[in-house]
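Asker: Coordinates in protein_12.txt, compact mmCIF, C-alpha atoms, are listed below.
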```txt
# COMPACT_ATOMS: atom_id res chain seq x y z
CA MET A 1 -33.93 1.10 8.08
CA ALA A 2 -33.82 4.83 7.45
CA THR A 3 -34.06 7.11 10.45
CA LYS A 4 -34.91 10.74 10.77
CA THR A 5 -31.90 12.79 11.70
CA LYS A 6 -32.21 16.39 12.79
CA ARG A 7 -30.07 18.66 10.64
CA LEU A 8 -27.14 20.12 12.56
CA LEU A 9 -26.74 23.81 11.82
CA SER A 10 -23.28 23.68 13.38
CA LEU A 11 -22.17 21.24 10.67
CA ASP A 12 -23.23 23.68 7.95
CA ILE A 13 -21.36 26.48 9.71
CA ALA A 14 -18.23 24.36 10.11
CA ARG A 15 -18.42 23.42 6.44
CA GLY A 16 -18.99 27.05 5.48
CA LEU A 17 -16.03 28.25 7.53
CA THR A 18 -13.88 25.58 5.88
CA VAL A 19 -14.93 26.46 2.33
CA ALA A 20 -14.41 30.18 2.97
CA GLY A 21 -10.93 29.28 4.19
CA MET A 22 -10.27 27.11 1.14
CA ILE A 23 -11.21 29.97 -1.17
CA MET A 24 -8.94 32.43 0.64
CA VAL A 25 -6.03 29.99 0.78
CA ASN A 26 -6.28 29.15 -2.92
CA ASN A 27 -6.57 32.74 -4.05
CA GLY A 28 -3.86 34.69 -2.33
CA TYR A 29 -1.72 37.16 -4.26
CA GLY A 30 1.70 38.61 -3.59
CA HIS A 31 3.49 37.90 -0.31
CA GLU A 32 1.05 36.30 2.11
CA PHE A 33 1.48 35.80 5.86
CA GLU A 34 3.47 32.64 6.51
CA MET A 35 0.70 30.91 8.47
CA LEU A 36 -1.75 31.69 5.66
CA GLY A 37 0.39 29.80 3.16
CA HIS A 38 0.90 26.05 2.94
CA ALA A 39 3.95 24.57 4.63
CA LYS A 40 6.65 24.09 2.00
CA TRP A 41 7.34 20.52 3.15
CA ASN A 42 7.29 19.28 6.76
CA GLY A 43 5.21 21.46 9.05
CA LEU A 44 1.64 22.52 9.73
CA SER A 45 0.12 25.92 8.96
CA ALA A 46 -3.40 27.29 9.29
CA SER A 47 -3.87 26.93 5.52
CA ASP A 48 -3.06 23.24 5.72
CA LEU A 49 -6.16 22.63 7.82
CA VAL A 50 -8.92 23.62 5.40
CA PHE A 51 -8.93 20.74 2.92
CA PRO A 52 -8.65 17.93 5.49
CA PHE A 53 -11.35 19.67 7.56
CA PHE A 54 -13.63 19.51 4.53
CA LEU A 55 -12.97 15.78 4.13
CA PHE A 56 -13.68 15.10 7.82
CA ILE A 57 -16.97 17.01 7.57
CA MET A 58 -17.81 15.07 4.41
CA GLY A 59 -17.47 11.87 6.42
CA ILE A 60 -20.08 13.12 8.90
CA SER A 61 -22.33 14.20 6.04
CA ILE A 62 -22.12 10.79 4.35
CA PHE A 63 -23.35 9.10 7.52
CA LEU A 64 -26.16 11.61 8.05
CA SER A 65 -27.24 11.34 4.43
CA TYR A 66 -27.60 7.56 4.46
CA SER A 67 -29.08 7.49 7.93
CA ARG A 68 -32.10 9.20 6.38
CA ARG A 69 -32.28 6.88 3.35
CA GLY A 70 -31.05 3.60 4.77
CA PHE A 71 -27.62 1.96 4.62
CA ASN A 72 -28.42 -0.43 1.80
CA LEU A 73 -26.28 -1.08 -1.26
CA THR A 74 -29.12 -1.04 -3.75
CA ARG A 75 -28.71 -0.52 -7.47
CA ALA A 76 -30.20 2.97 -7.07
CA ASN A 77 -27.81 3.91 -4.27
CA PHE A 78 -24.78 2.62 -6.15
CA ALA A 79 -25.85 4.46 -9.30
CA LYS A 80 -26.21 7.68 -7.30
CA ILE A 81 -22.76 7.26 -5.73
CA ALA A 82 -21.20 6.48 -9.11
CA ARG A 83 -22.89 9.44 -10.82
CA ARG A 84 -21.79 11.87 -8.14
CA THR A 85 -18.25 10.51 -8.12
CA ILE A 86 -17.96 10.84 -11.89
CA LEU A 87 -19.46 14.35 -11.80
CA LEU A 88 -17.06 15.55 -9.10
CA PHE A 89 -14.08 14.05 -10.90
CA ALA A 90 -15.19 15.44 -14.25
CA ILE A 91 -15.62 18.94 -12.81
CA GLY A 92 -12.11 18.77 -11.40
CA ILE A 93 -10.71 17.68 -14.74
CA ALA A 94 -12.70 20.40 -16.53
CA ILE A 95 -11.32 23.09 -14.21
CA ASN A 96 -7.76 21.89 -14.84
CA TRP A 97 -8.36 21.74 -18.60
CA LEU A 98 -9.98 25.18 -18.76
CA ASP A 99 -7.07 26.73 -16.90
CA LYS A 100 -4.62 25.00 -19.25
CA ILE A 101 -6.35 25.76 -22.54
CA LEU A 102 -6.62 29.48 -21.74
CA HIS A 103 -2.84 29.63 -21.55
CA THR A 104 -1.91 27.12 -24.28
CA ASP A 105 -3.45 25.62 -27.42
CA PHE A 106 -5.93 22.74 -27.59
CA THR A 107 -3.37 20.00 -28.28
CA THR A 108 -0.98 21.11 -25.55
CA SER A 109 -3.83 21.46 -23.04
CA LEU A 110 -4.70 17.79 -23.46
CA ALA A 111 -1.09 16.59 -23.55
CA GLU A 112 -0.29 18.45 -20.31
CA LEU A 113 -3.64 18.12 -18.55
CA ARG A 114 -3.20 17.45 -14.83
CA PHE A 115 -5.35 14.50 -13.78
CA TRP A 116 -5.41 15.22 -10.03
CA ALA A 117 -6.57 18.15 -7.89
CA VAL A 118 -8.88 18.92 -4.98
CA MET A 119 -12.18 17.93 -6.64
CA GLN A 120 -10.72 14.65 -7.87
CA ARG A 121 -9.53 13.74 -4.38
CA ILE A 122 -12.94 14.62 -2.97
CA ALA A 123 -14.54 12.34 -5.59
CA ILE A 124 -12.31 9.34 -4.78
CA CYS A 125 -12.72 9.75 -1.01
CA TYR A 126 -16.48 10.16 -1.36
CA PHE A 127 -16.78 6.99 -3.44
CA ILE A 128 -14.67 4.82 -1.12
CA VAL A 129 -16.35 5.89 2.12
CA SER A 130 -19.86 5.81 0.61
CA ILE A 131 -19.35 2.21 -0.48
CA PHE A 132 -17.88 1.44 2.94
CA ALA A 133 -20.98 2.96 4.58
CA LEU A 134 -23.29 0.65 2.64
CA THR A 135 -21.31 -2.58 2.87
CA VAL A 136 -19.33 -2.68 6.13
CA LYS A 137 -20.45 -2.53 9.75
CA HIS A 138 -19.93 1.03 10.90
CA ARG A 139 -18.03 0.12 14.05
CA TYR A 140 -15.18 -0.95 11.77
CA ALA A 141 -14.65 2.60 10.50
CA LEU A 142 -12.02 3.34 13.13
CA PRO A 143 -10.09 0.05 12.74
CA THR A 144 -10.20 0.49 8.96
CA ALA A 145 -8.81 4.03 9.18
CA LEU A 146 -6.04 2.97 11.55
CA SER A 147 -5.15 -0.01 9.36
CA LEU A 148 -4.91 2.23 6.30
CA LEU A 149 -2.63 4.61 8.20
CA VAL A 150 -0.37 1.73 9.23
CA ILE A 151 -0.20 0.52 5.62
CA TYR A 152 0.51 4.05 4.38
CA THR A 153 3.20 4.52 7.04
CA CYS A 154 4.95 1.38 5.78
CA ILE A 155 4.76 2.72 2.21
CA LEU A 156 6.28 6.05 3.27
CA LEU A 157 9.08 4.55 5.32
CA ALA A 158 9.98 1.87 2.80
CA GLY A 159 9.70 4.13 -0.22
CA GLY A 160 11.29 7.38 0.90
CA GLY A 161 7.98 9.15 1.21
CA TYR A 162 9.51 11.94 3.27
CA VAL A 163 12.36 12.53 0.80
CA ASN A 164 11.92 15.89 -0.91
CA GLU A 165 13.31 14.57 -4.21
CA ARG A 166 11.15 13.19 -6.99
CA ASP A 167 13.38 10.39 -8.16
CA GLN A 168 13.68 9.07 -4.59
CA ASN A 169 10.06 9.43 -3.45
CA ILE A 170 7.73 6.49 -4.03
CA LEU A 171 4.67 8.73 -4.16
CA TRP A 172 5.99 10.59 -7.20
CA ILE A 173 7.44 7.45 -8.80
CA VAL A 174 4.12 5.57 -8.65
CA ASP A 175 2.08 8.52 -9.93
CA GLU A 176 4.54 9.16 -12.75
CA GLN A 177 4.59 5.52 -13.79
CA ILE A 178 0.80 5.31 -13.88
CA PHE A 179 -0.19 8.74 -15.19
CA GLY A 180 2.93 10.18 -16.80
CA TYR A 181 5.02 13.22 -15.94
CA ASN A 182 2.96 15.70 -17.99
CA HIS A 183 -0.24 14.90 -16.10
CA LEU A 184 1.07 15.64 -12.60
CA TYR A 185 1.68 18.71 -10.45
CA HIS A 186 5.19 20.02 -11.18
CA TYR A 187 5.87 22.53 -8.39
CA GLN A 188 6.66 20.09 -5.57
CA ALA A 189 8.52 16.83 -5.13
CA VAL A 190 5.18 15.00 -5.23
CA ASP A 191 1.70 15.70 -6.55
CA PRO A 192 -0.10 16.92 -3.40
CA GLU A 193 -3.34 15.25 -4.52
CA GLY A 194 -1.73 12.19 -6.07
CA LEU A 195 -3.11 8.67 -6.02
CA VAL A 196 -1.01 7.00 -3.31
CA SER A 197 -1.40 9.75 -0.71
CA THR A 198 -5.18 9.50 -1.13
CA ILE A 199 -4.92 6.41 1.10
CA SER A 200 -4.29 8.71 4.05
CA ALA A 201 -6.85 11.32 2.95
CA VAL A 202 -9.57 8.65 2.99
CA CYS A 203 -8.86 8.28 6.72
CA ASN A 204 -9.99 11.86 7.38
CA VAL A 205 -13.36 10.93 5.89
CA LEU A 206 -13.51 7.66 7.84
CA PHE A 207 -12.73 9.47 11.11
CA GLY A 208 -15.59 11.87 10.42
CA PHE A 209 -17.89 8.97 9.55
CA TYR A 210 -16.93 7.16 12.76
CA CYS A 211 -17.68 10.24 14.86
CA ALA A 212 -21.10 10.56 13.20
CA TRP A 213 -21.82 6.89 13.95
CA LEU A 214 -20.90 7.37 17.61
CA MET A 215 -23.03 10.52 17.82
CA SER A 216 -26.02 8.71 16.29
CA ARG A 217 -26.07 6.50 19.39
CA LYS A 218 -26.55 9.54 21.63
CA THR A 219 -29.62 11.74 22.01
CA THR A 220 -28.59 15.07 23.51
CA VAL A 221 -26.32 17.75 22.10
CA ALA A 222 -24.16 17.54 25.22
CA GLU A 223 -23.57 13.82 24.68
CA LYS A 224 -22.73 14.37 21.01
CA THR A 225 -20.25 17.12 21.81
CA ASN A 226 -18.60 14.89 24.41
CA ILE A 227 -18.04 12.28 21.69
CA LEU A 228 -16.37 14.83 19.43
CA PHE A 229 -14.26 16.29 22.24
CA THR A 230 -13.09 12.80 23.25
CA VAL A 231 -12.27 11.52 19.76
CA GLY A 232 -10.75 14.86 18.76
CA SER A 233 -8.51 15.00 21.81
CA VAL A 234 -7.29 11.41 21.33
CA LEU A 235 -6.50 12.02 17.65
CA VAL A 236 -4.63 15.25 18.36
CA PHE A 237 -2.64 13.64 21.16
CA ALA A 238 -1.78 10.66 18.93
CA ALA A 239 -0.76 12.98 16.10
CA PHE A 240 1.59 15.08 18.22
CA PHE A 241 2.98 11.95 19.87
CA THR A 242 3.85 10.37 16.51
CA HIS A 243 4.91 13.48 14.60
CA PHE A 244 8.48 13.20 15.95
CA ALA A 245 8.92 10.06 13.87
CA LEU A 246 6.35 10.94 11.18
CA PRO A 247 6.36 14.74 10.79
CA PHE A 248 3.27 16.66 9.73
CA ASN A 249 3.32 17.02 5.96
CA LYS A 250 0.35 18.05 3.85
CA ARG A 251 2.16 17.41 0.56
CA ILE A 252 2.35 13.68 1.28
CA TRP A 253 -0.69 13.74 3.63
CA SER A 254 1.34 12.04 6.34
CA PRO A 255 -0.42 9.82 8.92
CA SER A 256 0.27 12.35 11.70
CA PHE A 257 -1.22 15.06 9.47
CA ALA A 258 -4.39 13.01 8.89
CA CYS A 259 -4.82 12.42 12.63
CA ALA A 260 -4.03 15.99 13.68
CA THR A 261 -6.37 17.62 11.18
CA SER A 262 -9.19 15.15 11.91
CA GLY A 263 -8.82 15.72 15.64
CA LEU A 264 -8.73 19.50 15.34
CA CYS A 265 -11.78 19.45 13.10
CA ALA A 266 -13.66 17.29 15.60
CA LEU A 267 -12.82 19.78 18.36
CA MET A 268 -13.93 22.71 16.20
CA ILE A 269 -17.27 21.09 15.38
CA ALA A 270 -17.78 20.16 19.03
CA LEU A 271 -17.31 23.78 20.05
CA MET A 272 -19.67 25.00 17.33
CA MET A 273 -22.23 22.36 18.21
CA GLN A 274 -22.16 23.41 21.83
CA VAL A 275 -22.57 27.09 20.98
CA ILE A 276 -24.91 26.90 17.99
CA ASP A 277 -27.01 23.76 18.50
CA GLY A 278 -26.77 23.54 22.29
CA LYS A 279 -27.33 27.20 23.16
CA GLN A 280 -29.39 27.92 20.03
CA THR A 281 -27.07 30.77 19.08
CA ARG A 282 -27.77 32.39 15.74
CA GLY A 283 -26.15 35.69 14.84
CA ALA A 284 -24.83 37.44 11.76
CA TRP A 285 -21.65 35.34 11.73
CA VAL A 286 -23.74 32.15 11.69
CA ASN A 287 -25.75 33.38 8.71
CA PHE A 288 -22.55 34.47 6.97
CA PHE A 289 -20.94 31.04 7.07
CA GLU A 290 -24.21 29.21 6.43
CA VAL A 291 -24.16 30.84 2.98
CA PHE A 292 -20.99 28.90 2.21
CA GLY A 293 -22.06 25.80 4.12
CA ILE A 294 -25.26 24.93 2.28
CA ASN A 295 -23.72 25.36 -1.19
CA ALA A 296 -20.14 24.43 -0.35
CA LEU A 297 -19.02 22.58 -3.45
CA ILE A 298 -20.69 24.83 -6.02
CA LEU A 299 -19.12 27.91 -4.39
CA TYR A 300 -15.72 26.23 -4.37
CA VAL A 301 -16.15 25.51 -8.08
CA SER A 302 -17.27 29.10 -8.73
CA SER A 303 -14.18 30.38 -6.95
CA GLU A 304 -11.92 28.25 -9.13
CA LEU A 305 -13.64 29.38 -12.32
CA MET A 306 -13.59 33.01 -11.21
CA ALA A 307 -9.86 32.78 -10.51
CA ILE A 308 -9.20 31.37 -13.98
CA PHE A 309 -11.22 33.96 -15.89
CA LEU A 310 -10.22 36.98 -13.80
CA GLY A 311 -6.59 35.92 -13.99
CA LYS A 312 -6.76 35.58 -17.75
CA ALA A 313 -8.39 39.01 -18.05
CA GLY A 314 -5.74 40.62 -15.84
CA VAL A 315 -8.28 41.70 -13.24
CA ASN A 316 -6.40 39.97 -10.42
CA GLU A 317 -3.24 41.92 -11.13
CA MET A 318 -5.10 45.22 -11.36
CA LEU A 319 -6.99 44.60 -8.12
CA PHE A 320 -3.86 43.67 -6.21
CA GLY A 321 -2.07 46.69 -7.67
CA ALA A 322 -4.82 48.96 -6.38
CA LEU A 323 -4.74 47.33 -2.95
CA SER A 324 -0.95 47.57 -2.79
CA ALA A 325 -1.16 51.29 -3.54
CA ALA A 326 -3.65 51.78 -0.71
CA ILE A 327 -2.04 49.37 1.77
CA PRO A 328 1.74 49.82 2.02
CA TYR A 329 2.30 46.56 3.89
CA GLU A 330 2.24 43.86 1.19
CA HIS A 331 1.23 41.02 3.51
CA LEU A 332 -1.90 42.96 4.51
CA ALA A 333 -2.59 43.79 0.87
CA SER A 334 -2.43 40.08 0.08
CA LEU A 335 -4.83 39.31 2.93
CA ALA A 336 -7.21 42.05 1.74
CA TYR A 337 -7.11 40.62 -1.79
CA ALA A 338 -7.98 37.10 -0.57
CA THR A 339 -10.76 38.50 1.63
CA ILE A 340 -12.31 40.48 -1.24
CA TYR A 341 -12.13 37.42 -3.44
CA MET A 342 -13.87 35.33 -0.77
CA LEU A 343 -16.59 37.99 -0.39
CA LEU A 344 -17.25 38.01 -4.13
CA ASN A 345 -18.01 34.31 -3.93
CA TRP A 346 -20.05 34.85 -0.78
CA ALA A 347 -22.23 37.27 -2.76
CA ILE A 348 -22.99 34.49 -5.24
CA GLY A 349 -23.82 32.16 -2.37
CA TYR A 350 -25.96 34.78 -0.66
CA ALA A 351 -28.23 35.05 -3.70
CA LEU A 352 -28.74 31.27 -3.52
CA TRP A 353 -29.13 31.28 0.28
CA ARG A 354 -31.66 34.11 0.19
CA HIS A 355 -33.92 32.03 -2.04
CA ARG A 356 -33.08 28.79 -0.20
CA ILE A 357 -31.59 27.29 -3.35
CA ILE A 358 -29.27 24.37 -2.66
CA ILE A 359 -27.23 23.06 -5.59
CA LYS A 360 -25.96 19.55 -4.93
CA LEU A 361 -23.18 18.18 -7.11
```
Translate the structure described by the file into structure tokens.
Answerer:
Amino acid sequence: MATKTKRLLSLDIARGLTVAGMIMVNNGYGHEFEMLGHAKWNGLSASDLVFPFFLFIMGISIFLSYSRRGFNLTRANFAKIARRTILLFAIGIAINWLDKILHTDFTTSLAELRFWAVMQRIAICYFIVSIFALTVKHRYALPTALSLLVIYTCILLAGGGYVNERDQNILWIVDEQIFGYNHLYHYQAVDPEGLVSTISAVCNVLFGFYCAWLMSRKTTVAEKTNILFTVGSVLVFAAFFTHFALPFNKRIWSPSFACATSGLCALMIALMMQVIDGKQTRGAWVNFFEVFGINALILYVSSELMAIFLGKAGVNEMLFGALSAAIPYEHLASLAYATIYMLLNWAIGYALWRHRIIIKL
């Protein structure tokens, strides 16, 4: 049976903060601050948090969405899940292809088209957890996530998943055998959004879904925040306890990385829920991030397209050159560039937000 669920403004703000961070992380220029760049291999930086945060929040959103419509695997629900999955995956492929064809010819762009990226991983995770939501009892979300992490840990340990060499790393070997060398990411030992590591990324979504299920059994904001604080704290503790044997690593989406990022996201949302939903706080900063939160995916797509076209036109280089001339410290110039780029996309979102237009992919 469908139930009415009050929309949580804090969830929109958390999603908006995450998308704003994703846009800034993906569109740096020059020499960025170390913590604003992804860890090269083992390690955990601020930039490494944004994508897994988005997946955790998506897990909460999946539960809230179906709690309004009913958790039934009907033909209509399956068709909607399939359509959205295909659309998300197709948009990701189109972004990769557009970037490639602007720098090569048509034939080469197809022969060297990368199959995986952020949107494709979102699509796969969305499909798996949505089907789970409609077919499996929700209390099994946590055991399922933990089981997947155990399986993935065995794959990593048995297959040299932590080895920073392609020909020795099972993640690269499997992706290359299935998809071919030309269709993978070539700047790391593994494709950071490859197929095998998606096993662990799905767990971020399942953890978010599980938290939403637990919160649905509570009535007050205080009780809901206690759920998030508890689950978040346990996940963070477990992640830091296990990271000595299984280091944090975004490139392979290590089990400790999945737990740490899910736990930290739960704690962030709990804090926002307490401040925004509990104390009914609404200021300029709330409105700012709500712009990103209510149209998260379309603004992420717009940022990717803007980066491609501005880069091709040479605008990025000119803008950074102007900022470097005005700001002698290159790291600050890089931060200013990423901030301006994020604000340009915020302006697009503001026009939609002002007219309460929500574009759902």
Asker: Using all atoms listed in the file, can you list as a list in words the residues within 10 Å of (-15.5, 17.9, -8.2)?
Answerer: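 The requested residues, written out, are Arg84, Thr85, Ile86, Leu87, Leu88, Phe89, Ala90, Ile91, Gly92, Ile93, Ala94, Ile95, Ala117, Val118, Met119, Gln120, Arg121, Ile122, Ala123, Ile124, Leu297, Ile298, Tyr300, Val301 and Leu361 of chain A.
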Asker: Measuring atom to atom with all atoms listed in the file, identify which of A:Leu17, A:Ala333, A:Val286, A:Val50 is nearest to Ser262 of chain A.
Answerer: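 Smallest distance to Ser262 of chain A is found for A:Val50.
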Asker: Which of these residues is nearest to Tyr29 of chain A, using only C-alpha atoms: A:Phe244, A:Phe229, A:Tyr341, A:Trp346?
Answerer: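 Of A:Phe244, A:Phe229, A:Tyr341, A:Trp346, the one nearest Tyr29 of chain A is A:Tyr341, counting only C-alpha atoms.
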Asker: Determine, counting all atoms listed in the file, which protein, DNA and RNA residues have an atom within 9 Å of an atom of Phe248 of chain A; residues of the same chain fewer than 5 positions away are not included. Present the result as a list in words.
Answerer: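 Once the nearby chain positions are removed, what remains is Trp41, Asn42, Gly43, Leu44, Ala239, Phe240, His243, Trp253, Ser254, Pro255, Ser256, Phe257, Ala258 and Ala260 of chain A.
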Asker: So that I have them on file, write out the residues from the current selection with C-alpha atoms, as a CSV table (one decimal), keeping the file's coordinate frame.
Answerer:
```csv
chain,number,residue,atom,x,y,z
A,41,TRP,CA,7.3,20.5,3.2
A,42,ASN,CA,7.3,19.3,6.8
A,43,GLY,CA,5.2,21.5,9.0
A,44,LEU,CA,1.6,22.5,9.7
A,239,ALA,CA,-0.8,13.0,16.1
A,240,PHE,CA,1.6,15.1,18.2
A,243,HIS,CA,4.9,13.5,14.6
A,253,TRP,CA,-0.7,13.7,3.6
A,254,SER,CA,1.3,12.0,6.3
A,255,PRO,CA,-0.4,9.8,8.9
A,256,SER,CA,0.3,12.4,11.7
A,257,PHE,CA,-1.2,15.1,9.5
A,258,ALA,CA,-4.4,13.0,8.9
A,260,ALA,CA,-4.0,16.0,13.7
```
Asker: Between atom CA of Phe179 of chain A and atom CA of Arg251 of chain A, what distance in Å does the model show, to one decimal?
Answerer: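 So the answer is 18.1 Å.
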Asker: Taking (-11.4, 7.5, 5.5) as a centre in this file's frame and 8 Å as the limit, can you find every polymer residue with an atom that close, using all atoms listed in the file, and give them as a ChimeraX atom specification?
Answerer: /A:59,125,128-129,141,144-145,199-209
Asker: For Ile178 of chain A, find every residue with an atom within 12 Å (counting only C-alpha atoms), except residues of its own chain fewer than 6 positions away, and show them as number ranges by chain.
Answerer: A: 115, 171-172, 184, 194-196
Asker: I'd like the contact shell of Asn72 of chain A - 10 Å cut-off, all atoms listed in the file, skipping same-chain residues fewer than 2 positions apart - returned as a list in words.
Answerer: Met1, Ala2, Tyr66, Arg69, Gly70, Thr74, Arg75, Ala76, Asn77, Phe78, Ile131, Ala133, Leu134 and Thr135 of chain A
Asker: Taking 4 positions as the minimum chain separation for residues in the same chain, which residues sit within 9 Å of Trp97 of chain A when counting all atoms listed in the file? Answer as a list in words.
Answerer: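 Here the qualifying residues turn out to be Gly92, Ile93, Ile101, Leu102, Ser109, Leu110, Glu112, Leu113 and Arg114 of chain A.
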Asker: List the neighbours of Glu290 of chain A out to 7 Å using all atoms listed in the file; skip same-chain residues closer than 3 positions along the sequence, and give me the result as an MDAnalysis selection string.
Answerer: chainID A and resid 12:13 16 286:287 293:294
Asker: Please report the interatomic distance between atom CA of Lys312 of chain A and atom CA of Asn182 of chain A in Å with one decimal.
Answerer: 22.1 Å
Asker: My list of candidates is A:Leu228, A:Asn96, A:Gly161, A:Gln177. Which is closest to Leu246 of chain A when distances are computed with all atoms listed in the file?
Answerer: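 Closest to Leu246 of chain A of all the choices is A:Gly161.
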Asker: From the options A:Pro192, A:Lys40, A:Met58, A:Val150, which residue's atoms come nearest to Phe127 of chain A, counting only C-alpha atoms?
Answerer: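 Of the candidates, the smallest distance to Phe127 of chain A is held by A:Met58.
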Asker: Which is closer to Leu323 of chain A than all the others in A:Leu36, A:Ala338, A:Ser10, A:Leu310, using all atoms listed in the file?
Answerer: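 Selected residue with least distance to Leu323 of chain A: A:Ala338.
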